[in-house]
Amino acid sequence: EALDRAALERAATAMFAEEAASYAAVRPVGRDCGAATGPGFLDGVPLHWMRDWPMPFPLVLAAAEGARLEDIDGHVLTDFCLGDTGAMFGHAPAPVVAALARSATAGFTTMLPSPAAARVGRLLSQRFGLPHWQVATTASDANRFAIRVARAVTGRPKILVFEGCYHGAVDDTLVDRAPDGATLTRASLLGQVVDLATTTTVVPFNDEAALAMALAGGDIACVLAEPVMTNCSMIAPQPGFHAALRRLTRDAGTLLLIDETHTISSGLGGYTALHGLEPDLFVVGKAIAGGIPASVWGLSAAVAERLAAVRAVVPGGHSGIGTTLSGSTLQLACLEACLTEVMTAEAYAAMNAGADVIEAGLAAALRRHALPWHVARVGARLELVLRAAPLVDAADARAAASHAIEAALHLALLNRGFLLTPFHNMMLVSPAASIADCERLVAAFDAVLGTLVAAAA
Ligand code: PMP
C-alpha cells in the first residue's frame, strides 16, 4: 500500500528535531566554535552558506584525510560529500601533497609559466580530447571565461541554459523559468541589476522542441550544459537528447559548452569521453587539481581559430578573461599530479565498485521499506530521488523533492557517522572509501529509512 507522503514529511520533521538534539548534545566544543558571533566572520563562518546545512550549527572539522573527517569534538565520519566534489578523489591525496611540497620551494605564483605548463596542456588534450586549454581558479570562472569566448566568436548576445542548472556564481546562469516559459532573473539573487532575460534563455532539460525553438532565434552564442544535471536532484538525459543537442546547436551556429565539473565522476575523460560528446568548449573544476583551487577550460580547434581572428582585430588591453592567481606554478604542479597519479583508471574502478554497492544496497532498502523512490547515478555520484520514475526535468525534480525528508536523512546519517552532500540526497564515492565503508552507509540508510517509515505508519 502506498505510503502517505504527508505522513512521511511529518515523521521526517520529528526525526530532524530529535537528531538535531543528539547532534548538539555530543558537540560542546563545536557548538561554541560553530555558533561564534561578534567581530570576525559574517554569521561566524568564512562563507555564509556554511550556515545553510541542515544541522543546528556547523560541523567544525579538525581534520580531513582520504574519506575520513574528524570534527573538533572527536567524532569520526566517512565523507560522501567530499566538499561537494572538490575532494572527489579523497582529501589531501598523497601525490598532490607531494606536488604542493615541491612547489613550495619554487614559488607559488609568478604570472609566468613553469616547465609543467606544456606537459599539463598535453595531458588535458589527451584526457579530454579538446586541443587547446586555459587554467582558471574556480569552475565558476572557467564557465564565465568560456561564455565570454562563445559570445566573442559568434557575435551573439545570449546563452542558453537548462532550467534547474547550476554552473557556479555565474550571473548569466542564475535564472528561473516562468510557468509560461519566460526566462526570469532568480528572485533570491542579491544586488542583481541586469535583467537576466536579456542575457539568457532557459528551457527545460530533455525538451528538444523547446530547445529547437529557442535556438531558432539565432541569438544564442552557446548552450551551457551539464551532460547529466546534478544540481537539481539528478536528471539523466533521455536517449537521443545529447545527439539532438549537438545537431540542433550545430545547425543554429550555436556553440556547445559542456560543464563536467560534477560529471567527471563518470570516469576518465568524464561523461564526454564515455559517451562521445563533441563539445566546442569544455569546463571542469573543483576536483581537477585534487582539491587545490584550479579549473581548466578547453576550446576546439575551430573555436580557437575563430578566437584568434577576433583577437587580431580588437584593441589590446584586458580581455575580460583571467585572474592573477590563475595558471600559477602551484596550480600546474597540482594539476599534473592529479591528472597523472590521482585521477586514474584504478581510482575510478575503486569509486565505481563502491558506488555499485551503494546503488544496489540502497535500492534493496527502498524495496524492503516499500518506498516508491529510486537511486540515480552518474559513475561515482549517486542521488536518492524521492519518486519511482527517473526525473525528466526540473519541474519533476521540484515536485519530487522534500526539504523535510532530505534534512532528516542528512542529519540522521551524520549522527551515524556519514556525511552526505547538503541540499541533496547526494553521495559521492571517493577511491579512499572502502567497500566496507559503503556497506556501512547502506546499513545506516536502511536503519534510518526503517525508522522513518515506522514513524509515518
Ligand atoms: N559547475 C557545476 C556543474 C557545479 O556543480 C559547480 C558547483 N557546484 C560549479 C560549476 C561551480 O564550481 P565553483 O563553486 O568551484 O566555482
# chains A, B, ... in the order shown; residues from 1 in each chain; ligands from 1
>>> residues_near_ligand(ligand="ligand 1", cutoff="8 Å", atoms="only C-alpha atoms and all ligand atoms", output="JSON, numbers by chain")
{"A": [84, 85, 86, 137, 138, 139, 140, 141, 142, 143, 165, 166, 167, 168, 169, 226, 229, 230, 231, 259, 260, 261, 262, 263, 283, 284, 285, 286, 293, 295]}
>>> write_last_selection(atoms="C-alpha atoms", output="PDB file, in the first residue's frame")
ATOM      1  CA  ASP A  84      30.685  18.727  -2.831  1.00  0.00           C
ATOM      2  CA  THR A  85      33.231  17.328  -5.302  1.00  0.00           C
ATOM      3  CA  GLY A  86      36.450  19.266  -4.664  1.00  0.00           C
ATOM      4  CA  THR A 137      40.842  29.145 -10.403  1.00  0.00           C
ATOM      5  CA  THR A 138      37.212  28.109  -9.954  1.00  0.00           C
ATOM      6  CA  ALA A 139      34.723  26.338 -12.163  1.00  0.00           C
ATOM      7  CA  SER A 140      32.583  29.476 -11.946  1.00  0.00           C
ATOM      8  CA  ASP A 141      35.403  31.474 -13.514  1.00  0.00           C
ATOM      9  CA  ALA A 142      36.089  28.851 -16.155  1.00  0.00           C
ATOM     10  CA  ASN A 143      32.429  28.953 -17.188  1.00  0.00           C
ATOM     11  CA  CYS A 165      21.047  24.243 -13.701  1.00  0.00           C
ATOM     12  CA  TYR A 166      23.919  25.316 -11.509  1.00  0.00           C
ATOM     13  CA  HIS A 167      27.238  26.300 -13.035  1.00  0.00           C
ATOM     14  CA  GLY A 168      28.615  28.348 -10.168  1.00  0.00           C
ATOM     15  CA  ALA A 169      28.350  32.016  -9.308  1.00  0.00           C
ATOM     16  CA  GLU A 226      25.978  19.563 -17.607  1.00  0.00           C
ATOM     17  CA  MET A 229      22.028  17.534 -14.459  1.00  0.00           C
ATOM     18  CA  THR A 230      23.408  17.046 -10.960  1.00  0.00           C
ATOM     19  CA  ASN A 231      22.380  20.225  -9.179  1.00  0.00           C
ATOM     20  CA  ASP A 259      30.451  21.639 -17.890  1.00  0.00           C
ATOM     21  CA  GLU A 260      31.890  18.413 -16.469  1.00  0.00           C
ATOM     22  CA  THR A 261      32.663  19.777 -13.017  1.00  0.00           C
ATOM     23  CA  HIS A 262      30.357  17.211 -11.373  1.00  0.00           C
ATOM     24  CA  THR A 263      30.004  14.575 -14.107  1.00  0.00           C
ATOM     25  CA  VAL A 283      34.908  23.133 -18.395  1.00  0.00           C
ATOM     26  CA  VAL A 284      35.997  21.132 -15.383  1.00  0.00           C
ATOM     27  CA  GLY A 285      36.945  22.451 -11.972  1.00  0.00           C
ATOM     28  CA  LYS A 286      36.734  21.522  -8.305  1.00  0.00           C
ATOM     29  CA  PRO A 293      41.739  25.803  -6.291  1.00  0.00           C
ATOM     30  CA  SER A 295      39.853  24.771 -13.024  1.00  0.00           C
TER      31      SER A 295
END
>>> residues_around(residues="segment 155-163 of chain A", least_positions_apart="2", cutoff="7 Å", atoms="only C-alpha atoms", output="list of chain:residue names")
A:Arg151, A:Ala152, A:Val153, A:Cys165, A:Thr173, A:Asp176, A:Arg177, A:Thr199, A:Thr200, A:Thr201, A:Val202, A:Val203, A:Pro204, A:Phe205, A:Asp219, A:Ile220, A:Ala221, A:Cys222, A:Val223, A:Leu224, A:Ala225, A:Ala394
>>> select_by_dssp(residues="segment 213-263 of chain A", states="strand (DSSP E or B)", output="PyMOL selection string")
chain A and resi 220-225+229+235+255-259
>>> residues_around(residues="segment 329-339 of chain A", least_positions_apart="3", cutoff="6 Å", atoms="only C-alpha atoms", output="JSON, numbers by chain")
{"A": [95, 96, 99, 103, 108, 109, 114, 120, 289, 290, 342, 343]}
>>> residues_around(residues="segment 430-439 of chain A", least_positions_apart="5", cutoff="10 Å", atoms="only C-alpha atoms", output="ChimeraX atom specification")
/A:65-68,78-82,85,87-91,93,265,342-343,346-359,361-362,380-381,418,444-445
>>> write_last_selection(atoms="C-alpha atoms", output="CSV table (one decimal), in the first residue's frame")
chain,number,residue,atom,x,y,z
A,65,GLU,CA,42.1,12.8,5.1
A,66,GLY,CA,41.1,10.3,2.5
A,67,ALA,CA,37.4,9.6,3.1
A,68,ARG,CA,37.6,10.4,6.8
A,78,THR,CA,33.1,8.8,6.5
A,79,ASP,CA,32.8,11.5,3.9
A,80,PHE,CA,30.4,11.0,0.9
A,81,CYS,CA,30.1,14.8,0.4
A,82,LEU,CA,33.8,15.4,-0.3
A,85,THR,CA,33.2,17.3,-5.3
A,87,ALA,CA,37.7,16.2,-2.8
A,88,MET,CA,36.2,13.6,-5.1
A,89,PHE,CA,39.5,11.7,-5.1
A,90,GLY,CA,39.8,11.8,-1.3
A,91,HIS,CA,41.0,14.5,1.0
A,93,PRO,CA,45.7,12.8,-1.9
A,265,SER,CA,32.5,11.3,-11.7
A,342,VAL,CA,45.3,10.6,-8.7
A,343,MET,CA,42.6,10.8,-11.4
A,346,GLU,CA,42.3,2.5,-11.0
A,347,ALA,CA,40.8,5.3,-8.9
A,348,TYR,CA,37.7,5.3,-11.0
A,349,ALA,CA,37.4,1.5,-10.7
A,350,ALA,CA,37.5,1.7,-6.9
A,351,MET,CA,35.0,4.6,-6.9
A,352,ASN,CA,32.6,2.7,-9.2
A,353,ALA,CA,32.9,-0.5,-7.1
A,354,GLY,CA,31.9,1.4,-4.0
A,355,ALA,CA,29.0,3.1,-5.9
A,356,ASP,CA,27.8,-0.3,-7.1
A,357,VAL,CA,27.5,-1.4,-3.5
A,358,ILE,CA,25.6,1.7,-2.5
A,359,GLU,CA,23.3,1.7,-5.6
A,361,GLY,CA,22.1,-1.7,-1.3
A,362,LEU,CA,20.0,1.4,-1.3
A,380,ALA,CA,30.7,7.5,-8.6
A,381,ARG,CA,27.9,10.0,-7.9
A,418,PHE,CA,28.2,9.5,7.4
A,444,ALA,CA,22.8,3.0,8.3
A,445,PHE,CA,20.5,4.2,5.5
>>> closest_residue(among="A:Ile147, A:Ala365, A:Leu3, A:Val76", to="Ile321 of chain A", atoms="only C-alpha atoms")
A:Ile147
>>> closest_residue(among="A:His75, A:Asp4, A:Arg440, A:Arg311", to="Val26 of chain A", atoms="only C-alpha atoms")
A:His75
